[in-house]
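Student: As input, take final.tsv (TSV, N, CA and C atoms):
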chain	number	residue	atom	x	y	z
R	103	MET	N	16.15	20.69	-7.17
R	103	MET	CA	15.60	19.38	-7.48
R	103	MET	C	16.15	18.36	-6.47
R	104	GLU	N	15.29	17.57	-5.91
R	104	GLU	CA	15.68	16.59	-4.89
R	104	GLU	C	16.32	15.36	-5.55
R	105	GLN	N	17.44	14.94	-5.01
R	105	GLN	CA	18.12	13.74	-5.50
R	105	GLN	C	17.51	12.51	-4.85
R	106	TRP	N	17.31	11.46	-5.60
R	106	TRP	CA	16.88	10.19	-5.03
R	106	TRP	C	18.06	9.54	-4.34
R	107	SER	N	17.77	8.87	-3.30
R	107	SER	CA	18.82	8.14	-2.58
R	107	SER	C	19.30	6.97	-3.44
R	108	ALA	N	20.58	6.67	-3.32
R	108	ALA	CA	21.14	5.53	-4.06
R	108	ALA	C	20.77	4.21	-3.40
R	109	VAL	N	20.05	4.28	-2.30
R	109	VAL	CA	19.67	3.10	-1.54
R	109	VAL	C	18.14	3.01	-1.52
R	110	LEU	N	17.62	1.82	-1.78
R	110	LEU	CA	16.17	1.63	-1.69
R	110	LEU	C	15.74	1.66	-0.23
R	111	SER	N	14.61	2.26	0.01
R	111	SER	CA	14.08	2.32	1.37
R	111	SER	C	13.51	0.95	1.74
R	112	GLU	N	13.26	0.78	3.02
R	112	GLU	CA	12.64	-0.46	3.50
R	112	GLU	C	11.28	-0.66	2.83
R	113	ALA	N	10.51	0.40	2.69
R	113	ALA	CA	9.19	0.31	2.05
R	113	ALA	C	9.32	-0.12	0.58
R	114	GLU	N	10.30	0.44	-0.12
R	114	GLU	CA	10.51	0.06	-1.52
R	114	GLU	C	10.89	-1.42	-1.63
R	115	ARG	N	11.78	-1.88	-0.75
R	115	ARG	CA	12.18	-3.28	-0.78
R	115	ARG	C	11.00	-4.20	-0.46
R	116	ARG	N	10.15	-3.78	0.46
R	116	ARG	CA	8.98	-4.58	0.83
R	116	ARG	C	8.00	-4.68	-0.35
R	117	VAL	N	7.76	-3.56	-1.02
R	117	VAL	CA	6.85	-3.56	-2.18
R	117	VAL	C	7.39	-4.48	-3.27
R	118	LEU	N	8.68	-4.41	-3.52
R	118	LEU	CA	9.28	-5.30	-4.52
R	118	LEU	C	9.10	-6.76	-4.15
R	119	ALA	N	9.37	-7.08	-2.90
R	119	ALA	CA	9.27	-8.47	-2.45
R	119	ALA	C	7.84	-8.98	-2.53
R	120	MET	N	6.88	-8.12	-2.25
R	120	MET	CA	5.48	-8.54	-2.25
R	120	MET	C	4.89	-8.67	-3.65
R	121	HIS	N	5.27	-7.77	-4.56
R	121	HIS	CA	4.57	-7.68	-5.84
R	121	HIS	C	5.42	-7.96	-7.07
R	122	CYS	N	6.74	-7.95	-6.93
R	122	CYS	CA	7.59	-8.04	-8.12
R	122	CYS	C	8.56	-9.21	-8.10
R	123	PHE	N	8.31	-10.19	-7.25
R	123	PHE	CA	9.24	-11.32	-7.11
R	123	PHE	C	9.26	-12.22	-8.34
R	124	ASP	N	8.24	-12.14	-9.18
R	124	ASP	CA	8.11	-13.09	-10.28
R	124	ASP	C	8.30	-12.49	-11.68
R	125	HIS	N	8.79	-11.25	-11.74
R	125	HIS	CA	8.99	-10.66	-13.07
R	125	HIS	C	10.22	-9.74	-13.08
R	126	VAL	N	10.60	-9.33	-14.27
R	126	VAL	CA	11.79	-8.48	-14.46
R	126	VAL	C	11.57	-7.13	-13.77
R	127	VAL	N	12.58	-6.69	-13.02
R	127	VAL	CA	12.48	-5.40	-12.32
R	127	VAL	C	13.54	-4.40	-12.78
R	128	ALA	N	14.56	-4.87	-13.51
R	128	ALA	CA	15.59	-3.94	-13.97
R	128	ALA	C	16.32	-4.51	-15.17
R	129	THR	N	16.77	-3.60	-16.03
R	129	THR	CA	17.61	-3.96	-17.17
R	129	THR	C	18.90	-3.17	-17.07
R	130	CYS	N	20.01	-3.84	-17.19
R	130	CYS	CA	21.31	-3.19	-17.12
R	130	CYS	C	21.56	-2.43	-18.42
R	131	GLU	N	21.89	-1.15	-18.28
R	131	GLU	CA	22.16	-0.34	-19.47
R	131	GLU	C	23.49	-0.70	-20.12
R	132	ARG	N	24.40	-1.24	-19.34
R	132	ARG	CA	25.71	-1.60	-19.90
R	132	ARG	C	25.66	-2.89	-20.71
R	133	CYS	N	25.13	-3.96	-20.11
R	133	CYS	CA	25.16	-5.25	-20.81
R	133	CYS	C	23.80	-5.65	-21.38
R	134	HIS	N	22.78	-4.79	-21.22
R	134	HIS	CA	21.46	-4.98	-21.82
R	134	HIS	C	20.78	-6.28	-21.43
R	135	ARG	N	20.99	-6.72	-20.21
R	135	ARG	CA	20.33	-7.92	-19.70
R	135	ARG	C	19.30	-7.51	-18.67
R	136	SER	N	18.23	-8.27	-18.64
R	136	SER	CA	17.15	-7.99	-17.70
R	136	SER	C	17.22	-8.97	-16.54
R	137	PHE	N	16.80	-8.49	-15.36
R	137	PHE	CA	16.91	-9.30	-14.16
R	137	PHE	C	15.66	-9.23	-13.30
R	138	THR	N	15.32	-10.36	-12.72
R	138	THR	CA	14.29	-10.37	-11.68
R	138	THR	C	14.96	-9.96	-10.37
R	139	LEU	N	14.16	-9.79	-9.36
R	139	LEU	CA	14.69	-9.37	-8.06
R	139	LEU	C	15.73	-10.36	-7.53
R	140	THR	N	15.46	-11.64	-7.71
R	140	THR	CA	16.38	-12.65	-7.17
R	140	THR	C	17.62	-12.86	-8.03
R	141	GLN	N	17.62	-12.37	-9.26
R	141	GLN	CA	18.78	-12.52	-10.13
R	141	GLN	C	19.80	-11.41	-9.97
R	142	MET	N	19.37	-10.28	-9.43
R	142	MET	CA	20.29	-9.15	-9.24
R	142	MET	C	21.20	-9.40	-8.06
R	143	GLY	N	22.33	-8.73	-8.10
R	143	GLY	CA	23.20	-8.76	-6.93
R	143	GLY	C	22.76	-7.69	-5.95
R	144	VAL	N	22.91	-7.96	-4.67
R	144	VAL	CA	22.60	-6.98	-3.64
R	144	VAL	C	23.80	-6.92	-2.71
R	145	ASP	N	24.37	-5.74	-2.61
R	145	ASP	CA	25.55	-5.55	-1.77
R	145	ASP	C	25.06	-5.13	-0.38
R	146	VAL	N	24.94	-6.08	0.52
R	146	VAL	CA	24.40	-5.79	1.86
R	146	VAL	C	25.50	-5.41	2.84
R	147	LEU	N	26.75	-5.67	2.51
R	147	LEU	CA	27.84	-5.36	3.43
R	147	LEU	C	28.42	-3.96	3.20
R	148	ALA	N	28.15	-3.39	2.05
R	148	ALA	CA	28.65	-2.04	1.76
R	148	ALA	C	27.91	-1.03	2.63
R	149	PRO	N	28.54	0.10	2.90
R	149	PRO	CA	27.88	1.11	3.73
R	149	PRO	C	26.57	1.60	3.11
R	150	ARG	N	26.49	1.56	1.80
R	150	ARG	CA	25.25	1.98	1.11
R	150	ARG	C	24.75	0.80	0.29
R	151	ARG	N	23.76	0.13	0.82
R	151	ARG	CA	23.20	-1.06	0.17
R	151	ARG	C	22.64	-0.69	-1.20
R	152	HIS	N	23.01	-1.43	-2.22
R	152	HIS	CA	22.46	-1.16	-3.54
R	152	HIS	C	22.30	-2.46	-4.32
R	153	HIS	N	21.49	-2.38	-5.36
R	153	HIS	CA	21.26	-3.52	-6.26
R	153	HIS	C	22.16	-3.31	-7.47
R	154	PHE	N	22.79	-4.39	-7.92
R	154	PHE	CA	23.72	-4.25	-9.04
R	154	PHE	C	23.58	-5.42	-10.02
R	155	CYS	N	24.09	-5.19	-11.22
R	155	CYS	CA	24.12	-6.22	-12.26
R	155	CYS	C	25.14	-7.28	-11.84
R	156	PRO	N	24.75	-8.54	-11.82
R	156	PRO	CA	25.70	-9.59	-11.41
R	156	PRO	C	26.79	-9.84	-12.45
R	157	LEU	N	26.61	-9.32	-13.65
R	157	LEU	CA	27.62	-9.53	-14.70
R	157	LEU	C	28.67	-8.42	-14.72
R	158	CYS	N	28.22	-7.17	-14.72
R	158	CYS	CA	29.17	-6.06	-14.84
R	158	CYS	C	29.22	-5.18	-13.59
R	159	ARG	N	28.40	-5.48	-12.60
R	159	ARG	CA	28.33	-4.78	-11.33
R	159	ARG	C	27.84	-3.33	-11.45
R	160	ALA	N	27.16	-2.99	-12.54
R	160	ALA	CA	26.58	-1.65	-12.67
R	160	ALA	C	25.45	-1.51	-11.65
R	161	ASP	N	25.31	-0.33	-11.09
R	161	ASP	CA	24.27	-0.06	-10.10
R	161	ASP	C	22.90	-0.03	-10.80
R	162	LEU	N	21.99	-0.87	-10.34
R	162	LEU	CA	20.66	-0.97	-10.94
R	162	LEU	C	19.58	-0.32	-10.06
R	163	THR	N	19.98	0.35	-9.00
R	163	THR	CA	19.02	0.91	-8.05
R	163	THR	C	18.05	1.86	-8.74
R	164	HIS	N	18.55	2.74	-9.60
R	164	HIS	CA	17.67	3.68	-10.30
R	164	HIS	C	16.65	2.94	-11.17
R	165	ALA	N	17.11	1.92	-11.89
R	165	ALA	CA	16.20	1.14	-12.74
R	165	ALA	C	15.14	0.42	-11.90
R	166	VAL	N	15.54	-0.09	-10.75
R	166	VAL	CA	14.59	-0.77	-9.86
R	166	VAL	C	13.55	0.23	-9.36
R	167	ARG	N	14.01	1.41	-8.98
R	167	ARG	CA	13.09	2.44	-8.48
R	167	ARG	C	12.11	2.87	-9.58
R	168	LEU	N	12.59	3.00	-10.80
R	168	LEU	CA	11.69	3.34	-11.91
R	168	LEU	C	10.66	2.23	-12.12
R	169	HIS	N	11.10	0.99	-11.95
R	169	HIS	CA	10.17	-0.13	-12.07
R	169	HIS	C	9.04	-0.02	-11.05
R	170	ILE	N	9.39	0.33	-9.82
R	170	ILE	CA	8.37	0.48	-8.77
R	170	ILE	C	7.31	1.49	-9.20
R	171	LEU	N	7.74	2.56	-9.84
R	171	LEU	CA	6.81	3.62	-10.26
R	171	LEU	C	5.93	3.22	-11.43
R	172	THR	N	6.37	2.23	-12.22
R	172	THR	CA	5.63	1.89	-13.45
R	172	THR	C	5.08	0.47	-13.47
R	173	CYS	N	5.29	-0.28	-12.42
R	173	CYS	CA	4.91	-1.70	-12.41
R	173	CYS	C	3.39	-1.88	-12.38
R	174	THR	N	2.89	-2.67	-13.30
R	174	THR	CA	1.46	-2.97	-13.38
R	174	THR	C	0.99	-3.75	-12.16
R	175	ALA	N	1.79	-4.70	-11.70
R	175	ALA	CA	1.39	-5.50	-10.53
R	175	ALA	C	1.20	-4.63	-9.30
R	176	ILE	N	2.09	-3.65	-9.13
R	176	ILE	CA	1.96	-2.74	-7.99
R	176	ILE	C	0.72	-1.87	-8.16
R	177	ALA	N	0.49	-1.37	-9.38
R	177	ALA	CA	-0.67	-0.53	-9.64
R	177	ALA	C	-1.98	-1.30	-9.37
R	178	VAL	N	-2.02	-2.55	-9.79
R	178	VAL	CA	-3.22	-3.38	-9.54
R	178	VAL	C	-3.43	-3.57	-8.05
R	179	ALA	N	-2.35	-3.86	-7.33
R	179	ALA	CA	-2.45	-4.06	-5.87
R	179	ALA	C	-2.92	-2.78	-5.19
R	180	LEU	N	-2.40	-1.63	-5.62
R	180	LEU	CA	-2.84	-0.36	-5.03
R	180	LEU	C	-4.30	-0.09	-5.34
R	181	GLY	N	-4.73	-0.44	-6.56
R	181	GLY	CA	-6.13	-0.28	-6.92
R	181	GLY	C	-7.04	-1.14	-6.05
R	182	GLU	N	-6.60	-2.36	-5.76
R	182	GLU	CA	-7.38	-3.25	-4.91
R	182	GLU	C	-7.46	-2.72	-3.49
R	183	VAL	N	-6.35	-2.21	-2.99
R	183	VAL	CA	-6.34	-1.62	-1.64
R	183	VAL	C	-7.26	-0.41	-1.61
R	184	SER	N	-7.20	0.40	-2.64
R	184	SER	CA	-8.05	1.59	-2.73
R	184	SER	C	-9.53	1.20	-2.75
R	185	GLU	N	-9.86	0.18	-3.53
R	185	GLU	CA	-11.25	-0.29	-3.62
R	185	GLU	C	-11.74	-0.82	-2.27
R	186	ARG	N	-10.89	-1.61	-1.59
R	186	ARG	CA	-11.28	-2.13	-0.26
R	186	ARG	C	-11.48	-0.98	0.73
R	187	THR	N	-10.60	0.01	0.66
R	187	THR	CA	-10.72	1.17	1.55
R	187	THR	C	-12.01	1.92	1.27
R	188	HIS	N	-12.31	2.12	0.00
R	188	HIS	CA	-13.55	2.80	-0.39
R	188	HIS	C	-14.77	2.04	0.12
R	189	GLN	N	-14.75	0.71	-0.01
R	189	GLN	CA	-15.87	-0.11	0.46
R	189	GLN	C	-16.00	-0.01	1.98
R	190	ARG	N	-14.88	0.00	2.68
R	190	ARG	CA	-14.92	0.10	4.15
R	190	ARG	C	-15.47	1.45	4.59
R	191	VAL	N	-15.12	2.51	3.87
R	191	VAL	CA	-15.66	3.84	4.18
R	191	VAL	C	-17.17	3.83	3.97
R	192	LYS	N	-17.62	3.24	2.86
R	192	LYS	CA	-19.07	3.16	2.61
R	192	LYS	C	-19.77	2.35	3.70
R	193	ASP	N	-19.18	1.21	4.09
R	193	ASP	CA	-19.76	0.38	5.16
R	193	ASP	C	-19.81	1.15	6.47
R	194	SER	N	-18.75	1.88	6.76
R	194	SER	CA	-18.68	2.67	7.99
R	194	SER	C	-19.76	3.75	8.00
R	195	GLN	N	-19.95	4.42	6.86
R	195	GLN	CA	-20.98	5.45	6.76
R	195	GLN	C	-22.37	4.85	6.93
R	196	ARG	N	-22.58	3.66	6.34
R	196	ARG	CA	-23.87	2.98	6.48
R	196	ARG	C	-24.13	2.62	7.94
R	197	LEU	N	-23.10	2.07	8.60
R	197	LEU	CA	-23.26	1.70	10.01
R	197	LEU	C	-23.47	2.92	10.89
R	198	LEU	N	-22.80	4.01	10.58
R	198	LEU	CA	-22.99	5.24	11.33
R	198	LEU	C	-24.43	5.73	11.18
R	199	GLY	N	-24.95	5.68	9.97
R	199	GLY	CA	-26.34	6.08	9.74
R	199	GLY	C	-27.32	5.21	10.51
R	200	GLN	N	-27.07	3.90	10.48
R	200	GLN	CA	-27.93	2.98	11.23
R	200	GLN	C	-27.85	3.25	12.73
R	201	SER	N	-26.65	3.52	13.20
R	201	SER	CA	-26.44	3.81	14.62
R	201	SER	C	-27.19	5.08	15.03
R	202	GLU	N	-27.10	6.10	14.20
R	202	GLU	CA	-27.81	7.36	14.49
R	202	GLU	C	-29.32	7.13	14.51
R	203	LEU	N	-29.81	6.33	13.57
R	203	LEU	CA	-31.24	6.03	13.53
R	203	LEU	C	-31.67	5.28	14.79
R	204	LEU	N	-30.90	4.27	15.18
R	204	LEU	CA	-31.23	3.52	16.40
R	204	LEU	C	-31.17	4.41	17.64
R	205	ALA	N	-30.21	5.30	17.69
R	205	ALA	CA	-30.11	6.23	18.82
R	205	ALA	C	-31.32	7.14	18.88
R	206	ALA	N	-31.76	7.64	17.73
R	206	ALA	CA	-32.94	8.51	17.68
R	206	ALA	C	-34.19	7.73	18.09
R	207	GLU	N	-34.33	6.49	17.60
R	207	GLU	CA	-35.47	5.66	17.99
R	207	GLU	C	-35.46	5.38	19.48
R	208	SER	N	-34.29	5.11	20.01
R	208	SER	CA	-34.16	4.83	21.44
R	208	SER	C	-34.55	6.05	22.25
R	209	GLN	N	-34.11	7.21	21.82
R	209	GLN	CA	-34.45	8.45	22.53
R	209	GLN	C	-35.96	8.70	22.47
R	210	THR	N	-36.56	8.46	21.33
R	210	THR	CA	-38.01	8.64	21.18
R	210	THR	C	-38.76	7.70	22.12
R	211	ARG	N	-38.33	6.45	22.18
R	211	ARG	CA	-38.98	5.48	23.07
R	211	ARG	C	-38.79	5.86	24.54
R	212	ALA	N	-37.60	6.33	24.89
R	212	ALA	CA	-37.35	6.74	26.27
R	212	ALA	C	-38.25	7.91	26.64
R	213	GLN	N	-38.43	8.87	25.74
R	213	GLN	CA	-39.32	10.00	26.02
R	213	GLN	C	-40.76	9.54	26.15
R	214	ARG	N	-41.16	8.57	25.33
R	214	ARG	CA	-42.51	8.02	25.40
R	214	ARG	C	-42.73	7.36	26.76
R	215	VAL	N	-41.77	6.59	27.23
R	215	VAL	CA	-41.88	5.92	28.53
R	215	VAL	C	-41.98	6.95	29.65
R	216	LEU	N	-41.16	8.00	29.56
R	216	LEU	CA	-41.21	9.06	30.58
R	216	LEU	C	-42.57	9.75	30.60
R	217	ARG	N	-43.13	10.00	29.43
R	217	ARG	CA	-44.46	10.64	29.37
R	217	ARG	C	-45.52	9.73	29.98
R	218	LEU	N	-45.44	8.41	29.69
R	218	LEU	CA	-46.39	7.46	30.27
R	218	LEU	C	-46.26	7.37	31.78
R	219	GLU	N	-45.03	7.42	32.27
R	219	GLU	CA	-44.82	7.38	33.72
R	219	GLU	C	-45.36	8.64	34.38
R	220	ASN	N	-45.15	9.79	33.72
R	220	ASN	CA	-45.65	11.05	34.27
R	220	ASN	C	-47.18	11.08	34.31
R	221	ARG	N	-47.81	10.48	33.32
R	221	ARG	CA	-49.28	10.44	33.28
R	221	ARG	C	-49.83	9.52	34.37
R	222	SER	N	-49.14	8.43	34.62
R	222	SER	CA	-49.65	7.46	35.59
R	222	SER	C	-49.33	7.87	37.02
R	223	SER	N	-48.52	8.88	37.24
R	223	SER	CA	-48.25	9.26	38.62
R	223	SER	C	-49.06	10.43	39.09
In structure tokens, write the structure found in this file.

Tutor:
Amino acid sequence: MEQWSAVLSEAERRVLAMHCFDHVVATCERCHRSFTLTQMGVDVLAPRRHHFCPLCRADLTHAVRLHILTCTAIAVALGEVSERTHQRVKDSQRLLGQSELLAAESQTRAQRVLRLENRSS
């Protein structure tokens, strides 16, 4: 079984900053208090950066990571990205179809012109 790192990745920190800045992201199991991203302590000078409870200094990294996996705001944002991607794929397929049609029409016209030139010579 793979162990999770005790340190949040850059991508995890970015997702939190973008989508979870305004709501609770972790609850300390020791003192039972909930914290937003800005209320937690972050030890940036330690060799292993981690998020901790500002009251009892318990490591909250695991709780924060679980929040990332279950956060509704993140799920909604991912759904929106997925929908935009799906729409872009549909638009791309439509444009490809139109392009193929125009190419076929152009080829037909070019052949027609060649036939007319051959008849007139």

Student: Name the residues of segment 104-222 of chain R that fall into alpha helix (DSSP H) according to DSSP on the backbone, using the chain letters and numbers of this document, as an MDAnalysis selection string.

Tutor: chainID R and resid 112:121 163:172 174:222

Student: Which one is closest to His153 of chain R: R:Leu110, R:Leu118, R:Ser136, R:Ala205? Count all atoms listed in the file.

Tutor: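 Answer, going by the shortest atom-to-atom distance: R:Leu110.
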
Student: So that I can check the secondary structure, give me every residue of segment 117-191 of chain R assigned strand (DSSP E) by backbone DSSP, as a ChimeraX atom specification.

Tutor: /R:126-129,136-138,143-145,152-154

Student: Would you mind listing what lies within 12 Å of segment 157-165 of chain R as a PyMOL selection string, with only C-alpha atoms counted and same-chain residues fewer than 4 positions away left out?

Tutor: chain R and resi 105-111+114-115+126-139+141-145+150-153+169-173

Student: State, in Å with one decimal place, the distance from atom C of Cys155 of chain R to atom C of Thr140 of chain R.

Tutor: 10.1 Å

Student: Using Å and a single decimal, report how far atom C of Gln200 of chain R sits from atom N of Glu182 of chain R.

Tutor: 28.7 Å

Student: Distance atom CA of Val117 of chain R-atom CA of Thr174 of chain R, one decimal place?

Tutor: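 For atom CA of Val117 of chain R relative to atom CA of Thr174 of chain R, the distance reads 12.4 Å.
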